[in-house]
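Content type compact mmCIF, C-alpha atoms and all ligand atoms, from the file query.txt:
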```
# COMPACT_ATOMS: atom_id res chain seq x y z
CA GLU A 1 -88.75 12.39 12.26
CA ALA A 2 -91.36 10.72 10.15
CA ILE A 3 -94.20 8.88 11.83
CA GLY A 4 -95.28 5.56 10.36
CA PRO A 5 -93.35 3.54 7.80
CA GLN A 6 -90.67 5.24 5.76
CA GLU A 7 -90.59 4.08 2.12
CA TYR A 8 -87.00 3.96 0.91
CA THR A 9 -85.51 2.76 -2.33
CA GLY A 10 -82.67 0.26 -1.84
CA ILE A 11 -80.03 1.08 -4.45
CA LYS A 12 -77.84 -1.88 -5.45
CA MET A 13 -74.24 -0.73 -5.89
CA GLU A 14 -72.21 -3.67 -7.15
CA ILE A 15 -68.66 -4.08 -5.90
CA VAL A 16 -66.40 -3.67 -8.91
CA GLU A 17 -63.17 -3.90 -6.90
CA TRP A 18 -62.82 -4.46 -3.17
CA SER A 19 -60.35 -2.42 -1.16
CA PRO A 20 -57.31 -4.61 -0.33
CA GLU A 21 -58.43 -4.98 3.32
CA ALA A 22 -61.95 -5.99 2.39
CA LYS A 23 -60.72 -8.41 -0.23
CA THR A 24 -58.80 -10.39 2.40
CA ALA A 25 -61.71 -10.33 4.83
CA ILE A 26 -64.34 -11.35 2.28
CA ALA A 27 -62.41 -13.82 0.14
CA ASP A 28 -63.78 -17.39 0.20
CA LYS A 29 -66.86 -16.38 2.20
CA ILE A 30 -69.26 -15.36 -0.54
CA GLY A 31 -69.56 -18.52 -2.60
CA GLY A 32 -68.95 -16.80 -5.92
CA ARG A 33 -71.85 -14.40 -5.46
CA LYS A 34 -71.92 -10.88 -6.86
CA VAL A 35 -71.81 -8.49 -3.89
CA PHE A 36 -73.73 -5.20 -3.68
CA LEU A 37 -73.70 -2.41 -1.13
CA VAL A 38 -77.36 -1.48 -0.61
CA ALA A 39 -77.94 2.24 -0.02
CA ALA A 40 -81.31 3.44 1.31
CA THR A 41 -82.52 6.67 -0.28
CA LEU A 42 -85.63 8.87 -0.17
CA ARG A 43 -84.56 10.67 -3.35
CA PRO A 44 -84.36 8.06 -6.15
CA GLU A 45 -84.76 10.80 -8.77
CA THR A 46 -81.32 12.16 -7.83
CA MET A 47 -79.39 8.95 -8.57
CA TYR A 48 -78.03 10.46 -11.81
CA GLY A 49 -75.84 12.64 -9.62
CA GLN A 50 -74.17 9.99 -7.44
CA THR A 51 -70.46 10.78 -6.96
CA ASN A 52 -69.57 8.21 -4.27
CA CYS A 53 -71.14 6.19 -1.49
CA PHE A 54 -70.76 6.61 2.28
CA VAL A 55 -70.36 4.13 5.12
CA GLY A 56 -69.76 4.66 8.84
CA THR A 57 -66.20 3.59 9.67
CA SER A 58 -67.09 1.99 13.00
CA ILE A 59 -70.35 0.40 11.85
CA LYS A 60 -70.38 -3.40 11.53
CA TYR A 61 -71.89 -4.53 8.25
CA GLY A 62 -73.05 -8.01 7.38
CA VAL A 63 -72.77 -9.63 3.97
CA PHE A 64 -76.09 -11.40 3.45
CA ALA A 65 -76.94 -13.96 0.77
CA ALA A 66 -80.01 -12.78 -1.14
CA ASN A 67 -79.98 -15.97 -3.22
CA ASP A 68 -77.35 -18.22 -4.88
CA LYS A 69 -76.12 -15.44 -7.12
CA GLU A 70 -76.19 -12.23 -5.07
CA ALA A 71 -75.18 -10.97 -1.63
CA TYR A 72 -76.02 -7.62 0.00
CA VAL A 73 -73.92 -5.51 2.36
CA CYS A 74 -75.97 -3.69 5.02
CA THR A 75 -76.59 -3.67 8.77
CA LEU A 76 -78.06 -6.76 10.44
CA ARG A 77 -81.00 -4.59 11.45
CA ALA A 78 -81.76 -3.79 7.79
CA ALA A 79 -81.29 -7.43 6.73
CA ARG A 80 -83.88 -8.45 9.34
CA ASN A 81 -86.34 -6.01 7.81
CA MET A 82 -85.52 -7.15 4.26
CA ALA A 83 -86.14 -10.77 5.25
CA PHE A 84 -89.81 -9.90 5.76
CA GLN A 85 -90.12 -7.80 2.60
CA GLY A 86 -89.43 -10.45 -0.01
CA THR A 87 -85.83 -9.35 -0.61
CA PHE A 88 -84.23 -12.72 0.10
CA ASP A 89 -85.07 -16.08 -1.45
CA VAL A 90 -86.33 -17.59 1.82
CA ARG A 91 -88.88 -15.39 3.57
CA GLY A 92 -88.12 -14.61 7.20
CA GLN A 93 -84.64 -16.12 7.02
CA ILE A 94 -81.27 -14.43 7.06
CA ASN A 95 -78.12 -16.07 5.69
CA GLN A 96 -75.17 -14.01 6.89
CA LEU A 97 -72.02 -15.02 4.99
CA THR A 98 -69.59 -12.81 6.88
CA GLU A 99 -69.19 -9.50 8.70
CA ILE A 100 -67.01 -6.49 7.90
CA GLU A 101 -66.26 -3.13 9.52
CA GLY A 102 -67.06 0.00 7.53
CA SER A 103 -63.48 1.25 7.70
CA LYS A 104 -62.38 -1.77 5.67
CA ILE A 105 -64.93 -1.15 2.91
CA VAL A 106 -63.67 2.42 2.34
CA GLY A 107 -61.76 2.67 -0.94
CA SER A 108 -63.70 -0.10 -2.66
CA LYS A 109 -64.86 0.72 -6.17
CA ILE A 110 -68.56 0.27 -6.83
CA ALA A 111 -71.04 0.67 -9.65
CA ALA A 112 -73.52 3.54 -9.17
CA PRO A 113 -76.61 2.69 -11.22
CA PHE A 114 -78.03 5.57 -13.34
CA SER A 115 -75.18 7.88 -12.32
CA VAL A 116 -73.32 9.93 -14.91
CA TYR A 117 -70.28 8.40 -13.17
CA PRO A 118 -70.71 4.65 -13.73
CA GLU A 119 -68.07 3.70 -11.15
CA VAL A 120 -67.36 5.57 -7.90
CA TYR A 121 -65.71 4.91 -4.52
CA VAL A 122 -66.81 4.15 -0.97
CA LEU A 123 -65.89 6.97 1.42
CA PRO A 124 -66.30 7.58 5.19
CA MET A 125 -69.05 9.78 6.68
CA GLU A 126 -69.22 10.64 10.38
CA ASN A 127 -72.99 11.05 10.59
CA VAL A 128 -74.11 7.70 9.21
CA LEU A 129 -76.56 6.18 11.69
CA ALA A 130 -76.50 2.41 12.20
CA THR A 131 -80.14 2.69 13.28
CA LYS A 132 -81.53 4.09 10.03
CA GLY A 133 -81.95 2.62 6.56
CA THR A 134 -79.25 0.14 5.60
CA GLY A 135 -76.32 2.04 7.16
CA VAL A 136 -75.11 2.75 3.61
CA VAL A 137 -75.76 6.19 2.09
CA THR A 138 -75.27 6.92 -1.57
CA SER A 139 -73.92 10.41 -2.09
CA VAL A 140 -75.52 13.08 -4.27
CA PRO A 141 -73.68 16.31 -3.39
CA SER A 142 -75.68 18.47 -5.83
CA ASP A 143 -78.87 17.91 -3.81
CA SER A 144 -77.93 16.66 -0.34
CA PRO A 145 -76.28 19.23 1.95
CA ASP A 146 -74.92 16.41 4.17
CA ASP A 147 -73.31 14.71 1.19
CA TYR A 148 -71.84 17.95 -0.13
CA ALA A 149 -70.44 19.08 3.24
CA THR A 150 -68.90 15.64 3.80
CA LEU A 151 -67.36 15.51 0.33
CA MET A 152 -65.77 18.93 0.93
CA ASP A 153 -64.40 17.74 4.30
CA LEU A 154 -62.85 14.72 2.63
CA ARG A 155 -61.26 16.83 -0.09
CA LYS A 156 -59.82 19.26 2.47
CA LYS A 157 -58.49 16.59 4.82
CA ALA A 158 -57.91 13.46 2.78
CA GLU A 159 -55.02 12.35 4.96
CA TYR A 160 -56.94 12.80 8.21
CA TYR A 161 -59.80 10.74 6.80
CA LYS A 162 -57.35 8.13 5.46
CA ILE A 163 -58.55 8.30 1.88
CA ASP A 164 -56.83 8.60 -1.47
CA PRO A 165 -57.77 12.08 -2.83
CA SER A 166 -58.69 10.54 -6.19
CA TRP A 167 -61.60 8.70 -4.53
CA ALA A 168 -63.24 12.06 -3.73
CA SER A 169 -62.49 13.69 -7.08
CA PHE A 170 -65.90 13.28 -8.73
CA ASP A 171 -67.56 16.70 -8.95
CA PRO A 172 -71.26 17.30 -8.20
CA VAL A 173 -73.38 17.28 -11.36
CA PRO A 174 -76.69 19.08 -12.04
CA VAL A 175 -79.68 16.79 -11.52
CA LEU A 176 -82.59 19.16 -11.06
CA ARG A 177 -83.22 22.90 -11.17
CA THR A 178 -85.19 25.00 -8.70
CA PRO A 179 -86.14 28.68 -9.15
CA THR A 180 -84.42 29.76 -5.92
CA TYR A 181 -81.22 27.69 -5.91
CA GLY A 182 -80.53 26.80 -9.54
CA ASP A 183 -79.10 23.40 -10.39
CA MET A 184 -76.74 23.09 -7.40
CA THR A 185 -79.18 23.27 -4.50
CA ALA A 186 -76.98 21.72 -1.82
CA PRO A 187 -73.80 23.74 -2.53
CA ALA A 188 -75.94 26.93 -2.64
CA LEU A 189 -77.52 26.16 0.75
CA VAL A 190 -74.22 25.13 2.34
CA LYS A 191 -72.82 28.52 1.32
CA LYS A 192 -75.93 30.49 2.33
CA LEU A 193 -76.14 28.91 5.78
CA LYS A 194 -72.35 29.16 6.24
CA ILE A 195 -71.92 25.43 6.80
CA ASN A 196 -68.24 24.59 7.22
CA SER A 197 -68.28 20.83 7.68
CA GLN A 198 -70.34 17.71 8.32
CA LYS A 199 -70.04 18.58 12.01
CA ASP A 200 -72.41 21.58 11.65
CA LYS A 201 -75.41 19.40 12.37
CA THR A 202 -77.96 22.08 13.29
CA GLN A 203 -77.47 24.10 10.10
CA LEU A 204 -77.30 20.90 8.06
CA ALA A 205 -80.67 19.80 9.40
CA GLU A 206 -82.13 23.15 8.29
CA ALA A 207 -80.44 22.95 4.87
CA LYS A 208 -81.70 19.38 4.40
CA GLU A 209 -85.27 20.48 5.12
CA ILE A 210 -85.12 23.40 2.68
CA ALA A 211 -83.41 21.34 -0.05
CA TYR A 212 -85.96 18.56 0.24
CA LYS A 213 -89.01 20.86 0.04
CA GLU A 214 -87.55 23.04 -2.68
CA GLY A 215 -86.52 20.06 -4.81
CA PHE A 216 -89.77 18.17 -4.39
CA TYR A 217 -92.23 21.04 -4.90
CA SER A 218 -90.33 23.29 -7.34
CA GLY A 219 -87.67 21.10 -8.95
CA ILE A 220 -87.50 20.26 -12.64
CA MET A 221 -85.28 17.40 -13.81
CA VAL A 222 -82.32 18.45 -16.00
CA VAL A 223 -80.84 15.01 -16.64
CA GLY A 224 -81.90 11.50 -17.57
CA GLU A 225 -84.94 9.86 -19.13
CA PHE A 226 -87.37 12.29 -17.46
CA SER A 227 -85.42 15.49 -18.08
CA GLY A 228 -87.80 18.48 -18.25
CA GLU A 229 -90.40 16.85 -15.98
CA PRO A 230 -91.26 18.05 -12.48
CA VAL A 231 -89.49 16.15 -9.69
CA GLN A 232 -92.89 15.29 -8.21
CA GLU A 233 -93.68 13.24 -11.31
CA ALA A 234 -90.17 11.96 -12.08
CA LYS A 235 -89.54 10.64 -8.57
CA ASN A 236 -91.69 7.53 -8.87
CA LYS A 237 -90.87 7.03 -12.54
CA VAL A 238 -87.13 6.90 -11.85
CA ARG A 239 -87.77 4.57 -8.93
CA ALA A 240 -89.92 2.24 -11.05
CA SER A 241 -87.37 2.26 -13.84
CA MET A 242 -84.52 1.34 -11.47
CA ILE A 243 -86.56 -1.46 -9.91
CA GLU A 244 -87.60 -2.80 -13.32
CA LYS A 245 -83.96 -2.92 -14.46
CA GLY A 246 -82.92 -4.77 -11.30
CA PHE A 247 -80.87 -1.88 -9.92
CA ALA A 248 -83.08 -1.27 -6.90
CA PHE A 249 -85.81 -2.67 -4.66
CA ALA A 250 -88.39 -1.29 -2.27
CA TYR A 251 -87.26 -1.13 1.35
CA ALA A 252 -89.42 0.09 4.22
CA GLU A 253 -88.95 0.47 7.96
B1 LIG A 301 -80.99 10.61 0.92
P1 LIG A 301 -84.61 10.13 6.84
CL1 LIG A 301 -80.04 13.84 -2.85
N1 LIG A 301 -77.59 7.67 8.30
O1 LIG A 301 -80.57 10.01 -0.36
C1 LIG A 301 -77.63 8.93 7.84
N2 LIG A 301 -78.27 9.29 6.71
C2 LIG A 301 -78.91 8.33 6.03
C3 LIG A 301 -78.92 6.99 6.46
C4 LIG A 301 -78.21 6.66 7.64
N3 LIG A 301 -78.15 5.42 8.11
N4 LIG A 301 -79.62 6.25 5.57
C5 LIG A 301 -80.04 7.10 4.63
N5 LIG A 301 -79.61 8.36 4.88
C6 LIG A 301 -79.83 9.59 4.10
C7 LIG A 301 -80.14 11.03 -1.32
C8 LIG A 301 -80.62 12.30 -0.72
C9 LIG A 301 -81.10 12.11 0.55
C10 LIG A 301 -80.64 13.57 -1.28
C11 LIG A 301 -81.16 14.61 -0.56
C12 LIG A 301 -81.62 14.42 0.73
C13 LIG A 301 -81.60 13.14 1.30
C14 LIG A 301 -78.65 10.97 -1.50
N6 LIG A 301 -77.94 10.93 -0.28
O2 LIG A 301 -82.04 12.90 2.55
O3 LIG A 301 -84.06 10.54 8.16
C15 LIG A 301 -80.23 9.31 2.68
O4 LIG A 301 -79.90 10.40 1.86
C16 LIG A 301 -82.70 13.93 3.26
C17 LIG A 301 -84.13 13.57 3.51
O5 LIG A 301 -85.07 8.71 6.79
C18 LIG A 301 -81.76 9.27 2.68
O6 LIG A 301 -82.14 9.91 1.46
O7 LIG A 301 -85.60 11.12 6.36
C19 LIG A 301 -82.12 10.08 3.90
O8 LIG A 301 -80.91 10.27 4.67
C20 LIG A 301 -83.13 9.41 4.78
O9 LIG A 301 -83.35 10.26 5.87
```
In structure tokens, what does this structure look like?
Amino acid sequence: EAIGPQEYTGIKMEIVEWSPEAKTAIADKIGGRKVFLVAATLRPETMYGQTNCFVGTSIKYGVFAANDKEAYVCTLRAARNMAFQGTFDVRGQINQLTEIEGSKIVGSKIAAPFSVYPEVYVLPMENVLATKGTGVVTSVPSDSPDDYATLMDLRKKAEYYKIDPSWASFDPVPVLRTPTYGDMTAPALVKKLKINSQKDKTQLAEAKEIAYKEGFYSGIMVVGEFSGEPVQEAKNKVRASMIEKGFAFAYAE
């Protein structure tokens, strides 16, 4: 675990279409605001490869007014942090419009900024921690072993996970290339370490470590505005570009 503040990027994923259950729960509570799931990531340069977004099914999420026009879905814990980071219109104050369980958000269609797939779905992940980031994880299966293993679980057992198979049908796309693992780092590591599912936490922790180091120190972008540039340089450029376009904001904890 990192010591000292962790600098995340909060990715704003606008709700394009609520799941039927969420629609009923949210209706009339948001005052006409646009609603965004906010995913916390340490890898903004990989956002081109988003294929879905993950929530924890038993996590309680709040819908918080950022201002008169926008509301953000995240944990109360994250909203409290955001309130002191200039994210909301009134500093230090939280305006919770309503609350919703993760299981009800699953199946909602959302916009994934910068992704080659402009619209993707919200899916369940077992290992989402309510105590880290925003409790919302955007999924990049090309470069995150956790995301890839979870996506494969969902495809294998759609019924068990109570999802429509079409929601998990977006294939991983190449985002960056490394000399050792090519342009599908996470799938290569999942295979190499014989990871069978999101439940293989020990091997996944090792794969995550390798993927992160390999991508950061040896990766070259193969997609987007900074294609051909080293990940080390592209990382902050992609982040700045997303923030400038209003698709993201800085989030620390
Ligand atoms: B990362 P750290 Cl491509 N529960 O974003 C579980 N995981 C969470 C989380 C939560 N509440 N909040 C964020 N995360 C994930 C992209 C990515 C990430 C890639 C590769 C590796 C990677 C796409 N998912 O993370 O414990 C988010 O996934 C491995 C470092 O604070 C976030 O960045 O170091 C990362 O874990 C933050 O983990």
* To do: Go through the chains and note each residue within 7 Å of ligand LIG 301 (chain A), using only C-alpha atoms and all ligand atoms, then give the set as a ChimeraX atom specification.
  => /A:1-2,6,40-43,46,127-141,143-144,147,208,212
* Closest to Tyr72 of chain A among A:Leu193, A:Leu37, A:Ala25, A:Ile11, using all atoms listed in the file? ->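 The shortest atom-to-atom distance to Tyr72 of chain A comes from A:Leu37.
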* Interatomic distance (Å, one decimal) between atom CA of Phe88 of chain A and atom CA of Pro124 of chain A ->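 Computed distance, atom CA of Phe88 of chain A to atom CA of Pro124 of chain A, equals 27.6 Å.
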Who sits within 10 Å of Lys201 of chain A, all atoms listed in the file, same chain under 5 positions skipped, as a short mmCIF file (atom, residue, chain, number, x, y, z; two decimals) with C-alpha atoms, in the frame of the given file:
```cif
data_model
loop_
_atom_site.label_atom_id
_atom_site.label_comp_id
_atom_site.auth_asym_id
_atom_site.auth_seq_id
_atom_site.Cartn_x
_atom_site.Cartn_y
_atom_site.Cartn_z
CA ASN A 127 -72.99 11.05 10.59
CA ASP A 146 -74.92 16.41 4.17
CA ILE A 195 -71.92 25.43 6.80
CA GLU A 206 -82.13 23.15 8.29
CA ALA A 207 -80.44 22.95 4.87
#
```
* If you count only C-alpha atoms, which residues fall within 7 Å of segment 235-244 of chain A, apart from same-chain ones fewer than 5 positions away, as a VMD selection string? -> chain A and resid 44 to 45 249
Could you turn the residues from that selection into a file that holds C-alpha atoms, as a CSV table (one decimal), in the coordinates of the input?
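The result, stored in selection.csv:
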```csv
chain,number,residue,atom,x,y,z
A,44,PRO,CA,-84.4,8.1,-6.2
A,45,GLU,CA,-84.8,10.8,-8.8
A,249,PHE,CA,-85.8,-2.7,-4.7
```
* Asked: What is the atom CA of Glu225 of chain A to atom CA of Gly49 of chain A distance in Å?
  -> 13.5 Å
* Between atom CA of Ser218 of chain A and atom CA of Arg177 of chain A, what is the spacing in Å? ->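 It comes out at 8.1 Å.
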* **Within-6 Å shell of (-66.7, -5.4, 0.7) in input frame, all atoms listed in the file, as a ChimeraX atom specification** => /A:18,22,105
Missing atoms of segment 97-111 of chain A rebuilt to N, CA and C atoms, written as a compact mmCIF listing (two decimals), in the coordinates of the input:
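Saved result, out21.txt, follows:
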```
# COMPACT_ATOMS: atom_id res chain seq x y z
N LEU A 97 -73.22 -14.33 5.50
CA LEU A 97 -72.02 -15.02 4.99
C LEU A 97 -70.77 -14.60 5.76
N THR A 98 -70.71 -13.32 6.10
CA THR A 98 -69.59 -12.81 6.88
C THR A 98 -69.92 -11.40 7.37
N GLU A 99 -68.99 -10.84 8.13
CA GLU A 99 -69.19 -9.50 8.70
C GLU A 99 -67.96 -8.66 8.36
N ILE A 100 -68.16 -7.36 8.20
CA ILE A 100 -67.01 -6.49 7.90
C ILE A 100 -67.25 -5.09 8.46
N GLU A 101 -66.18 -4.49 8.96
CA GLU A 101 -66.26 -3.13 9.52
C GLU A 101 -66.25 -2.11 8.38
N GLY A 102 -66.99 -1.03 8.56
CA GLY A 102 -67.06 0.00 7.53
C GLY A 102 -65.70 0.52 7.08
N SER A 103 -64.80 0.72 8.04
CA SER A 103 -63.48 1.25 7.70
C SER A 103 -62.76 0.41 6.65
N LYS A 104 -63.05 -0.89 6.63
CA LYS A 104 -62.38 -1.77 5.67
C LYS A 104 -63.00 -1.71 4.28
N ILE A 105 -64.26 -1.24 4.22
CA ILE A 105 -64.93 -1.15 2.91
C ILE A 105 -64.50 0.12 2.17
N VAL A 106 -64.09 1.14 2.94
CA VAL A 106 -63.67 2.42 2.34
C VAL A 106 -62.59 2.17 1.29
N GLY A 107 -62.73 2.83 0.14
CA GLY A 107 -61.76 2.67 -0.94
C GLY A 107 -62.15 1.61 -1.96
N SER A 108 -63.21 0.86 -1.66
CA SER A 108 -63.70 -0.10 -2.66
C SER A 108 -64.35 0.66 -3.80
N LYS A 109 -64.24 0.09 -4.99
CA LYS A 109 -64.86 0.72 -6.17
C LYS A 109 -66.18 0.02 -6.44
N ILE A 110 -67.23 0.83 -6.64
CA ILE A 110 -68.56 0.27 -6.83
C ILE A 110 -69.26 0.88 -8.05
N ALA A 111 -70.23 0.15 -8.56
CA ALA A 111 -71.04 0.67 -9.65
C ALA A 111 -72.18 1.50 -9.06
```
